[in-house]
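Shown next: work.cif, containing mmCIF, C-alpha atoms.
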```cif
data_final
loop_
_atom_site.label_atom_id
_atom_site.label_comp_id
_atom_site.auth_asym_id
_atom_site.auth_seq_id
_atom_site.Cartn_x
_atom_site.Cartn_y
_atom_site.Cartn_z
CA MET A 1 -47.68 92.10 -80.40
CA THR A 2 -48.81 93.06 -83.91
CA PHE A 3 -47.34 96.38 -84.95
CA SER A 4 -49.19 99.07 -86.88
CA LEU A 5 -49.24 102.85 -86.76
CA SER A 6 -51.79 102.61 -83.95
CA ASN A 7 -49.14 100.93 -81.75
CA PHE A 8 -47.00 104.07 -81.55
CA THR A 9 -47.48 107.39 -79.79
CA HIS A 10 -45.01 109.32 -82.00
CA GLU A 11 -45.34 107.52 -85.33
CA ALA A 12 -43.78 110.47 -87.21
CA TRP A 13 -40.41 109.12 -86.11
CA LEU A 14 -40.99 106.08 -88.32
CA ALA A 15 -40.22 108.33 -91.30
CA PHE A 16 -36.57 108.07 -90.22
CA LEU A 17 -36.68 104.49 -91.50
CA VAL A 18 -36.64 106.00 -94.99
CA VAL A 19 -33.40 107.81 -94.14
CA ILE A 20 -31.89 104.54 -92.93
CA GLY A 21 -33.01 102.85 -96.13
CA LEU A 22 -31.40 105.59 -98.22
CA ALA A 23 -28.20 105.26 -96.20
CA ALA A 24 -28.14 101.52 -96.90
CA LEU A 25 -28.73 102.13 -100.61
CA THR A 26 -25.97 104.77 -100.70
CA TYR A 27 -23.58 102.33 -99.07
CA VAL A 28 -24.34 99.65 -101.65
CA LEU A 29 -23.81 102.09 -104.54
CA MET A 30 -20.54 103.32 -103.04
CA GLN A 31 -19.29 99.75 -102.72
CA GLN A 32 -20.10 99.05 -106.35
CA ARG A 33 -18.28 102.22 -107.41
CA ARG A 34 -15.29 101.33 -105.23
CA ARG A 35 -15.12 97.88 -106.77
CA LYS A 36 -15.00 99.30 -110.30
CA HIS A 37 -12.26 101.70 -109.24
CA VAL A 38 -10.18 98.88 -107.74
CA LEU A 39 -10.49 96.79 -110.89
CA ARG A 40 -8.77 99.60 -112.80
CA PHE A 41 -5.73 99.36 -110.53
CA SER A 42 -2.82 98.85 -112.90
CA ASN A 43 -0.52 96.83 -110.65
CA MET A 44 -2.57 93.80 -109.48
CA GLU A 45 0.50 92.15 -107.93
CA MET A 46 1.05 95.15 -105.65
CA LEU A 47 -2.68 95.25 -104.80
CA GLU A 48 -2.61 91.66 -103.61
CA LYS A 49 0.33 92.48 -101.34
CA VAL A 50 -1.19 95.56 -99.69
CA ALA A 51 -4.82 94.46 -99.54
CA PRO A 52 -5.91 92.64 -96.35
CA ARG A 53 -6.63 88.92 -96.59
CA GLN A 54 -9.95 89.07 -94.70
CA PRO A 55 -13.02 87.82 -96.60
CA ARG A 56 -14.90 90.55 -98.45
CA ALA A 57 -18.20 89.80 -96.69
CA TRP A 58 -16.79 90.81 -93.31
CA ARG A 59 -16.32 94.38 -94.53
CA HIS A 60 -20.08 94.86 -94.67
CA VAL A 61 -20.94 93.36 -91.27
CA PRO A 62 -20.25 96.50 -89.17
CA VAL A 63 -22.42 98.66 -91.41
CA ALA A 64 -25.25 96.12 -91.43
CA ILE A 65 -25.18 95.80 -87.62
CA THR A 66 -25.12 99.57 -87.16
CA LEU A 67 -28.09 100.05 -89.50
CA ILE A 68 -30.07 97.40 -87.59
CA GLY A 69 -29.26 99.20 -84.34
CA LEU A 70 -30.52 102.47 -85.83
CA ILE A 71 -33.76 100.74 -86.86
CA PHE A 72 -34.29 99.58 -83.26
CA LEU A 73 -33.61 103.11 -81.96
CA THR A 74 -36.08 104.52 -84.49
CA PHE A 75 -38.81 102.21 -83.22
CA ALA A 76 -37.94 103.28 -79.67
CA ALA A 77 -38.21 106.98 -80.59
CA ALA A 78 -41.63 106.33 -82.15
CA GLY A 79 -42.97 105.38 -78.71
CA PRO A 80 -44.19 101.78 -79.11
CA THR A 81 -47.05 100.73 -76.83
CA ALA A 82 -48.43 97.38 -75.71
CA ALA A 83 -51.51 96.11 -73.92
CA LYS A 84 -50.70 95.34 -70.29
CA LYS A 85 -52.82 93.23 -67.94
CA VAL A 86 -53.36 95.03 -64.63
CA PRO A 87 -55.25 93.61 -61.59
CA ARG A 88 -58.47 95.43 -60.78
CA ASN A 89 -58.54 97.09 -57.39
CA ARG A 90 -62.21 98.11 -57.50
CA ALA A 91 -64.93 95.73 -58.61
CA THR A 92 -67.84 93.77 -57.17
CA VAL A 93 -68.75 90.21 -58.10
CA ILE A 94 -71.79 88.35 -56.79
CA LEU A 95 -71.65 84.58 -57.13
CA VAL A 96 -75.23 83.30 -57.45
CA ILE A 97 -75.56 79.53 -56.99
CA ASP A 98 -78.60 77.34 -57.56
CA VAL A 99 -79.30 75.13 -54.51
CA SER A 100 -82.50 73.49 -55.75
CA LEU A 101 -82.96 69.74 -55.21
CA SER A 102 -81.90 68.99 -58.79
CA MET A 103 -78.35 69.81 -57.69
CA GLU A 104 -78.33 66.40 -55.94
CA ALA A 105 -78.07 64.71 -59.35
CA THR A 106 -75.04 62.45 -59.67
CA ASP A 107 -74.51 62.81 -63.42
CA VAL A 108 -71.50 64.93 -62.43
CA PRO A 109 -69.89 62.74 -59.76
CA PRO A 110 -70.05 62.71 -56.84
CA SER A 111 -72.95 65.16 -57.32
CA ARG A 112 -73.64 68.48 -58.99
CA ILE A 113 -73.70 70.36 -55.70
CA GLN A 114 -70.42 68.89 -54.42
CA VAL A 115 -68.61 69.70 -57.66
CA ALA A 116 -70.18 73.17 -57.68
CA LYS A 117 -68.90 73.81 -54.16
CA LYS A 118 -65.36 72.75 -55.01
CA ALA A 119 -65.16 74.87 -58.16
CA ALA A 120 -66.75 77.90 -56.49
CA LYS A 121 -64.21 77.82 -53.65
CA GLU A 122 -61.35 77.71 -56.15
CA PHE A 123 -62.93 80.67 -57.94
CA ALA A 124 -62.96 82.58 -54.65
CA ASP A 125 -59.32 81.72 -53.98
CA ASN A 126 -58.10 82.73 -57.43
CA LEU A 127 -60.07 85.95 -57.84
CA THR A 128 -57.97 89.13 -57.63
CA PRO A 129 -57.65 90.06 -53.91
CA GLY A 130 -58.91 93.62 -54.34
CA ILE A 131 -62.30 92.55 -55.69
CA ASN A 132 -65.34 92.40 -53.39
CA LEU A 133 -66.95 88.96 -53.69
CA GLY A 134 -70.44 88.15 -52.42
CA LEU A 135 -72.51 84.95 -52.34
CA VAL A 136 -76.23 84.53 -53.04
CA THR A 137 -78.01 81.17 -53.07
CA PHE A 138 -81.45 80.48 -54.48
CA ALA A 139 -84.02 77.71 -54.59
CA GLY A 140 -87.68 78.65 -54.00
CA THR A 141 -86.39 81.93 -52.56
CA ALA A 142 -83.03 83.68 -52.61
CA SER A 143 -80.85 84.94 -49.79
CA VAL A 144 -77.55 86.74 -49.35
CA GLN A 145 -75.16 84.33 -47.67
CA VAL A 146 -72.21 86.74 -47.70
CA SER A 147 -72.34 90.43 -48.57
CA PRO A 148 -69.60 91.61 -50.96
CA THR A 149 -66.27 91.41 -49.14
CA THR A 150 -62.58 90.81 -49.72
CA ASN A 151 -62.65 88.12 -46.99
CA ARG A 152 -62.40 84.97 -49.09
CA GLU A 153 -62.53 82.65 -46.08
CA ALA A 154 -66.01 83.90 -45.19
CA VAL A 155 -67.20 83.21 -48.73
CA LYS A 156 -65.69 79.72 -48.79
CA ALA A 157 -67.22 78.85 -45.42
CA ALA A 158 -70.64 79.91 -46.69
CA ILE A 159 -70.17 77.82 -49.83
CA ASP A 160 -69.43 74.76 -47.69
CA ASN A 161 -72.63 75.38 -45.69
CA MET A 162 -74.99 75.66 -48.67
CA LYS A 163 -78.16 73.56 -48.18
CA LEU A 164 -80.52 72.28 -50.87
CA ALA A 165 -84.20 73.22 -50.99
CA GLU A 166 -87.24 72.82 -53.24
CA ARG A 167 -88.07 74.80 -56.40
CA THR A 168 -86.02 77.20 -58.51
CA ALA A 169 -86.52 80.98 -58.43
CA THR A 170 -83.91 82.16 -60.92
CA GLY A 171 -85.22 85.72 -61.06
CA GLU A 172 -85.09 86.03 -57.28
CA GLY A 173 -81.42 85.09 -57.36
CA ILE A 174 -80.62 87.91 -59.80
CA LEU A 175 -82.77 90.49 -58.00
CA THR A 176 -81.21 89.63 -54.63
CA ALA A 177 -77.74 89.98 -56.11
CA LEU A 178 -78.65 93.40 -57.54
CA GLN A 179 -79.90 94.51 -54.12
CA SER A 180 -76.62 93.41 -52.56
CA ILE A 181 -74.67 95.43 -55.15
CA ASP A 182 -76.84 98.51 -54.52
CA THR A 183 -76.32 98.18 -50.77
CA LEU A 184 -72.54 98.10 -51.17
CA ALA A 185 -72.65 101.14 -53.46
CA SER A 186 -74.68 103.12 -50.91
CA VAL A 187 -72.32 102.14 -48.09
CA LEU A 188 -69.26 103.23 -50.07
CA GLY A 189 -70.93 106.52 -51.04
CA GLY A 190 -68.57 109.43 -51.54
CA ALA A 191 -67.77 111.30 -54.71
CA GLU A 192 -66.34 108.24 -56.44
CA LYS A 193 -68.49 106.29 -58.83
CA PRO A 194 -69.48 102.84 -57.51
CA PRO A 195 -67.11 100.08 -58.62
CA PRO A 196 -68.09 98.05 -61.70
CA ALA A 197 -70.17 95.01 -60.80
CA GLN A 198 -70.94 91.65 -62.36
CA ILE A 199 -73.12 88.68 -61.45
CA VAL A 200 -71.94 85.12 -62.07
CA MET A 201 -74.90 82.71 -61.91
CA MET A 202 -74.49 78.94 -61.86
CA SER A 203 -77.65 76.89 -62.29
CA ASP A 204 -78.71 73.51 -63.63
CA GLY A 205 -82.43 73.64 -64.21
CA LYS A 206 -85.45 75.46 -65.50
CA GLN A 207 -87.09 78.17 -63.43
CA THR A 208 -90.20 77.03 -61.53
CA VAL A 209 -90.97 80.17 -59.46
CA PRO A 210 -92.70 82.05 -61.00
CA ASP A 211 -93.87 79.85 -63.86
CA ASP A 212 -91.21 79.74 -66.55
CA LYS A 213 -93.75 80.79 -69.21
CA ASP A 214 -94.84 83.89 -67.29
CA VAL A 215 -92.08 86.00 -68.86
CA GLU A 216 -93.75 89.33 -67.96
CA ASN A 217 -93.77 88.57 -64.25
CA PRO A 218 -91.56 91.13 -62.43
CA ARG A 219 -89.86 88.25 -60.58
CA HIS A 220 -89.12 86.24 -63.75
CA GLY A 221 -85.51 85.58 -64.68
CA PHE A 222 -85.83 87.41 -68.00
CA THR A 223 -87.33 90.49 -66.31
CA ALA A 224 -84.55 90.46 -63.73
CA ALA A 225 -81.97 90.17 -66.52
CA ARG A 226 -83.40 93.25 -68.24
CA LEU A 227 -83.21 95.16 -64.96
CA ALA A 228 -79.58 94.09 -64.57
CA LYS A 229 -78.91 95.44 -68.06
CA GLU A 230 -80.45 98.79 -67.11
CA LYS A 231 -78.22 98.96 -64.05
CA GLY A 232 -75.12 98.12 -66.07
CA VAL A 233 -74.59 94.79 -64.31
CA PRO A 234 -73.99 91.90 -66.75
CA VAL A 235 -75.10 88.45 -65.66
CA SER A 236 -72.80 85.68 -66.89
CA THR A 237 -74.56 82.33 -66.64
CA ILE A 238 -73.18 78.81 -66.33
CA SER A 239 -75.43 75.92 -67.28
CA PHE A 240 -74.05 73.08 -65.17
CA GLY A 241 -74.93 69.41 -65.59
CA THR A 242 -76.04 67.03 -68.33
CA THR A 243 -79.26 66.18 -70.15
CA TRP A 244 -79.50 62.77 -68.44
CA GLY A 245 -79.28 63.80 -64.78
CA THR A 246 -81.86 62.35 -62.37
CA VAL A 247 -82.80 62.72 -58.70
CA GLU A 248 -84.90 60.72 -56.25
CA ILE A 249 -87.99 62.68 -55.16
CA PRO A 250 -89.86 61.32 -52.07
CA ASP A 251 -93.57 60.60 -52.49
CA GLN A 252 -95.98 62.84 -50.60
CA ASP A 253 -96.94 59.98 -48.30
CA GLY A 254 -93.28 59.46 -47.44
CA LYS A 255 -93.49 55.74 -48.19
CA GLY A 256 -91.49 55.75 -51.37
CA SER A 257 -89.80 57.86 -54.01
CA GLN A 258 -89.62 58.28 -57.73
CA ARG A 259 -86.74 59.04 -60.03
CA VAL A 260 -87.20 62.29 -61.91
CA ARG A 261 -85.15 63.58 -64.83
CA VAL A 262 -83.49 66.96 -64.24
CA PRO A 263 -81.85 67.98 -67.53
CA VAL A 264 -79.97 71.26 -67.73
CA ASP A 265 -81.81 74.21 -69.23
CA ASP A 266 -79.37 75.89 -71.59
CA ASP A 267 -81.97 77.98 -73.40
CA SER A 268 -83.21 80.10 -70.49
CA LEU A 269 -79.73 80.66 -69.06
CA ARG A 270 -78.44 81.65 -72.49
CA GLU A 271 -81.29 84.16 -72.81
CA ILE A 272 -80.59 85.64 -69.37
CA ALA A 273 -76.96 86.22 -70.34
CA LYS A 274 -78.03 87.76 -73.65
CA LEU A 275 -80.63 90.09 -72.09
CA SER A 276 -78.23 91.33 -69.42
CA GLY A 277 -75.15 91.72 -71.60
CA GLY A 278 -73.25 88.84 -69.99
CA GLU A 279 -71.73 85.64 -71.34
CA PHE A 280 -73.18 82.14 -71.44
CA PHE A 281 -71.19 79.01 -70.60
CA THR A 282 -71.86 75.30 -70.30
CA ALA A 283 -70.07 72.77 -68.10
CA SER A 284 -70.74 69.09 -67.48
CA THR A 285 -67.59 68.11 -65.56
CA LEU A 286 -65.45 69.54 -62.78
CA GLU A 287 -62.67 70.43 -65.22
CA GLU A 288 -65.05 72.23 -67.57
CA LEU A 289 -66.50 74.19 -64.66
CA LYS A 290 -63.00 75.13 -63.49
CA ASN A 291 -62.15 76.32 -67.00
CA VAL A 292 -65.25 78.52 -67.09
CA TYR A 293 -64.40 80.05 -63.73
CA GLY A 294 -60.80 80.52 -64.89
CA HIS A 295 -62.00 82.49 -67.90
CA LEU A 296 -64.20 84.63 -65.68
CA GLU A 297 -61.33 85.23 -63.25
CA GLU A 298 -59.25 86.69 -66.08
CA GLN A 299 -62.14 88.73 -67.44
CA ILE A 300 -63.29 90.10 -64.09
CA GLY A 301 -60.02 90.29 -62.18
CA TYR A 302 -57.91 92.12 -64.73
CA GLU A 303 -58.17 95.02 -67.12
CA LYS A 304 -56.01 95.87 -70.10
CA THR A 305 -54.22 99.19 -70.21
CA ILE A 306 -51.94 100.67 -72.85
CA ALA A 307 -48.39 100.99 -71.53
CA ASP A 308 -45.10 102.28 -72.93
CA ALA A 309 -43.04 99.48 -74.50
CA SER A 310 -40.00 101.43 -75.70
CA ARG A 311 -37.50 100.20 -73.09
CA PRO A 312 -36.56 96.89 -74.83
CA TRP A 313 -36.21 98.73 -78.16
CA VAL A 314 -33.89 101.32 -76.59
CA LEU A 315 -31.73 98.65 -74.97
CA ALA A 316 -31.60 96.56 -78.14
CA GLY A 317 -30.78 99.62 -80.24
CA LEU A 318 -27.94 100.76 -78.00
CA VAL A 319 -26.43 97.28 -77.71
CA VAL A 320 -26.63 96.51 -81.43
CA THR A 321 -25.32 99.94 -82.47
CA ALA A 322 -22.40 99.56 -80.05
CA MET A 323 -21.68 96.13 -81.54
CA GLY A 324 -21.62 97.69 -84.99
CA LEU A 325 -19.11 100.33 -83.93
CA VAL A 326 -16.86 97.74 -82.28
CA ALA A 327 -17.07 95.55 -85.37
CA ALA A 328 -16.08 98.53 -87.51
CA LEU A 329 -12.92 98.99 -85.45
CA LEU A 330 -12.05 95.29 -85.67
CA TYR A 331 -12.74 94.65 -89.34
CA ARG A 332 -12.23 97.90 -91.21
CA GLN A 333 -9.70 97.78 -94.03
CA ARG A 334 -7.25 100.46 -95.00
CA LEU A 335 -5.12 100.76 -98.05
CA PRO A 336 -1.66 102.30 -97.50
#
```

Would it be possible to restate this file's structure as C-alpha cells?
Amino acid sequence: MTFSLSNFTHEAWLAFLVVIGLAALTYVLMQQRRRKHVLRFSNMEMLEKVAPRQPRAWRHVPVAITLIGLIFLTFAAAGPTAAKKVPRNRATVILVIDVSLSMEATDVPPSRIQVAKKAAKEFADNLTPGINLGLVTFAGTASVQVSPTTNREAVKAAIDNMKLAERTATGEGILTALQSIDTLASVLGGAEKPPPAQIVMMSDGKQTVPDDKDVENPRHGFTAARLAKEKGVPVSTISFGTTWGTVEIPDQDGKGSQRVRVPVDDDSLREIAKLSGGEFFTASTLEELKNVYGHLEEQIGYEKTIADASRPWVLAGLVVTAMGLVAALLYRQRLP
C-alpha cells in the first residue's frame, strides 16, 4: 500500500514523528558531548581498566531499536487504513450469449459455441455466491433461459442446452436482459434500493435484426445500450472469435451449401459498451475468454472498502519497543 496523509484517519498523530526525530538528534549530540568529556579523562590507564570491552556500536543499538518501535506505534496511533476486497452480497448479473449460426464457426476449436459454453459455465461457478445470475440467449429473437438466481446449477444446465438459430438481434438481447432485471427488482420490492445490476454480453457477429444501419430503430443495439445507460445498467461486451471464421450455410433448395465468412464485429460491440458505460473486451481463444470472465468476476463479485489497518503496526511497535528495552538491559554500560 502506498502511504500518504489520505491513508490515515488521525494524521495529526504523525506530528509525533518530529518529536522522535528530535529525540534521535538529542541522543546523537549527547553522545558527541560525552565522547569529548571522556577524552579529557586524565588517567587513560584507569579508564581502560574500568570501561567495558564491548564494541562501541552496540551501545547505540537499544536506542535505535526503541526509536523504530516508537515510529511504528506512531503510525498505529495515526489510524492507517487500507483498501479491502469484500464479496458482494447483493448484485444482479445477466449473461447474454449470442446463439446465431455464426457461432458454429471452428476458428476457435472445436467451435465458438462449444468454447463459449465452457467458459460461461466456469464464469457461473466462480462468480460470488451471493450474486443473482441470469441467462439470456439471442439470435433472431431473445429469450430468458434462466431468471436471475443464486442457483448456479440451473444456469449451467441452461448453458449446456443452448441451441443455435438464424439471424442476430443484438438489441433484443439487451432489452430482454433489462426486462429480467426490472422483474427481479419488482419482486424484491421493499424499502431497499434494488441491487446493482450489470449485463455481460458475448457475441461474435454484426447485428442483422433490425438492419445494422438503422441506428434509430428502438430495437437497435445502440438504442438498447442508451436505455441501459439511463437505467444505470452497464453492458460489458465480449467480441469472441477471429476475422477469418467461416460457416457452412445450406442452400435454399437444400441440395448444397456455401461457405460464408463470419468475422467478428468489434466496432459495434465496442460502441455498445461505450454507450452503456460498460467495458469492451476481445477474445479469440478459450484462455483469452477465461481471462476476460476472470476480470469480470473480480469487478462484479467484489467491492473495495476502506478498513482499519493499524493492528500490524501496533504489534510491530510493541514487539520492537520491547526488544529495545531488553537490549538496553543487556548492553548498557556503567562507569564505576

Where does the PyMOL selection byres ((chain A and resi 327) around 12) land in this file, that is, which residues does it pick, as a PyMOL selection string?
chain A and resi 58-66+320-326+328-333

Output file for the selection above: C-alpha atoms, as a compact mmCIF listing (two decimals), keeping the file's coordinate frame:
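Below you can see again-v2.txt, which holds the result:
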```txt
# COMPACT_ATOMS: atom_id res chain seq x y z
CA TRP A 58 -16.79 90.81 -93.31
CA ARG A 59 -16.32 94.38 -94.53
CA HIS A 60 -20.08 94.86 -94.67
CA VAL A 61 -20.94 93.36 -91.27
CA PRO A 62 -20.25 96.50 -89.17
CA VAL A 63 -22.42 98.66 -91.41
CA ALA A 64 -25.25 96.12 -91.43
CA ILE A 65 -25.18 95.80 -87.62
CA THR A 66 -25.12 99.57 -87.16
CA VAL A 320 -26.63 96.51 -81.43
CA THR A 321 -25.32 99.94 -82.47
CA ALA A 322 -22.40 99.56 -80.05
CA MET A 323 -21.68 96.13 -81.54
CA GLY A 324 -21.62 97.69 -84.99
CA LEU A 325 -19.11 100.33 -83.93
CA VAL A 326 -16.86 97.74 -82.28
CA ALA A 328 -16.08 98.53 -87.51
CA LEU A 329 -12.92 98.99 -85.45
CA LEU A 330 -12.05 95.29 -85.67
CA TYR A 331 -12.74 94.65 -89.34
CA ARG A 332 -12.23 97.90 -91.21
CA GLN A 333 -9.70 97.78 -94.03
```

So, counting all atoms listed in the file, which residue among A:Leu175, A:Val155, A:Val146, A:Leu25 is closest to His220 (chain A)?
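Looking only at the distances to His220 (chain A), the closest residue turns out to be A:Leu175.
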
Evaluate the PyMOL selection byres ((chain A and resi 287) around 12) against this structure - the residues, as a list in words, please.
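Answer for the PyMOL selection byres ((chain A and resi 287) around 12): Val108, Pro109, Val115, Ala116, Lys118, Ala119, Glu122, Phe240, Thr282, Ala283, Ser284, Thr285, Leu286, Glu288, Leu289, Lys290, Asn291, Val292, Tyr293 and Gly294 of chain A.
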
The PyMOL selection byres ((chain A and resi 242) around 12) resolved against shown file, as a compact mmCIF listing (two decimals) with C-alpha atoms, keeping the file's coordinate frame:
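Saved as selection-v5.txt:
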```
# COMPACT_ATOMS: atom_id res chain seq x y z
CA SER A 102 -81.90 68.99 -58.79
CA MET A 103 -78.35 69.81 -57.69
CA ALA A 105 -78.07 64.71 -59.35
CA THR A 106 -75.04 62.45 -59.67
CA ASP A 107 -74.51 62.81 -63.42
CA VAL A 108 -71.50 64.93 -62.43
CA PRO A 109 -69.89 62.74 -59.76
CA SER A 111 -72.95 65.16 -57.32
CA ARG A 112 -73.64 68.48 -58.99
CA SER A 203 -77.65 76.89 -62.29
CA ASP A 204 -78.71 73.51 -63.63
CA GLY A 205 -82.43 73.64 -64.21
CA SER A 239 -75.43 75.92 -67.28
CA PHE A 240 -74.05 73.08 -65.17
CA GLY A 241 -74.93 69.41 -65.59
CA THR A 243 -79.26 66.18 -70.15
CA TRP A 244 -79.50 62.77 -68.44
CA GLY A 245 -79.28 63.80 -64.78
CA THR A 246 -81.86 62.35 -62.37
CA ARG A 261 -85.15 63.58 -64.83
CA VAL A 262 -83.49 66.96 -64.24
CA PRO A 263 -81.85 67.98 -67.53
CA VAL A 264 -79.97 71.26 -67.73
CA ASP A 265 -81.81 74.21 -69.23
CA ASP A 266 -79.37 75.89 -71.59
CA THR A 282 -71.86 75.30 -70.30
CA ALA A 283 -70.07 72.77 -68.10
CA SER A 284 -70.74 69.09 -67.48
CA THR A 285 -67.59 68.11 -65.56
```

Give me the residues near Asp125 (chain A) as number ranges by chain, where near means some atom within 10 Å (using all atoms listed in the file) and where sequence neighbours in that chain fewer than 2 positions away do not count.
A: 119-123, 127-129, 152-153, 155-156

Show me, as a ChimeraX atom specification, the residues that have an atom within 8 Å of Ala83 (chain A) when counting all atoms listed in the file, minus same-chain residues fewer than 6 positions from it.
/A:304-307

Would you list the contacts of Glu271 (chain A) as number ranges by chain, taking every protein, DNA or RNA residue within 12 Å and counting all atoms listed in the file, but skipping same-chain residues closer than 4 positions in sequence?
A: 215, 221-226, 235-239, 265-267, 275-281

What is the CA of Gln207 (chain A)-CA of Thr176 (chain A) distance in Å, reported with one decimal?
15.6 Å

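The coordinates place CA of Thr92 (chain A) at 9.1 Å from CA of Ile300 (chain A).
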
Please indicate the distance in Å from CA of Gly317 (chain A) to CA of Glu11 (chain A), rounded to one decimal place.
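Between CA of Gly317 (chain A) and CA of Glu11 (chain A) the gap works out to 17.3 Å.
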
Shortest interatomic distance to Thr170 (chain A) - which of A:Leu29, A:Met202, A:Leu14, A:Ala197, counting only C-alpha atoms
A:Met202
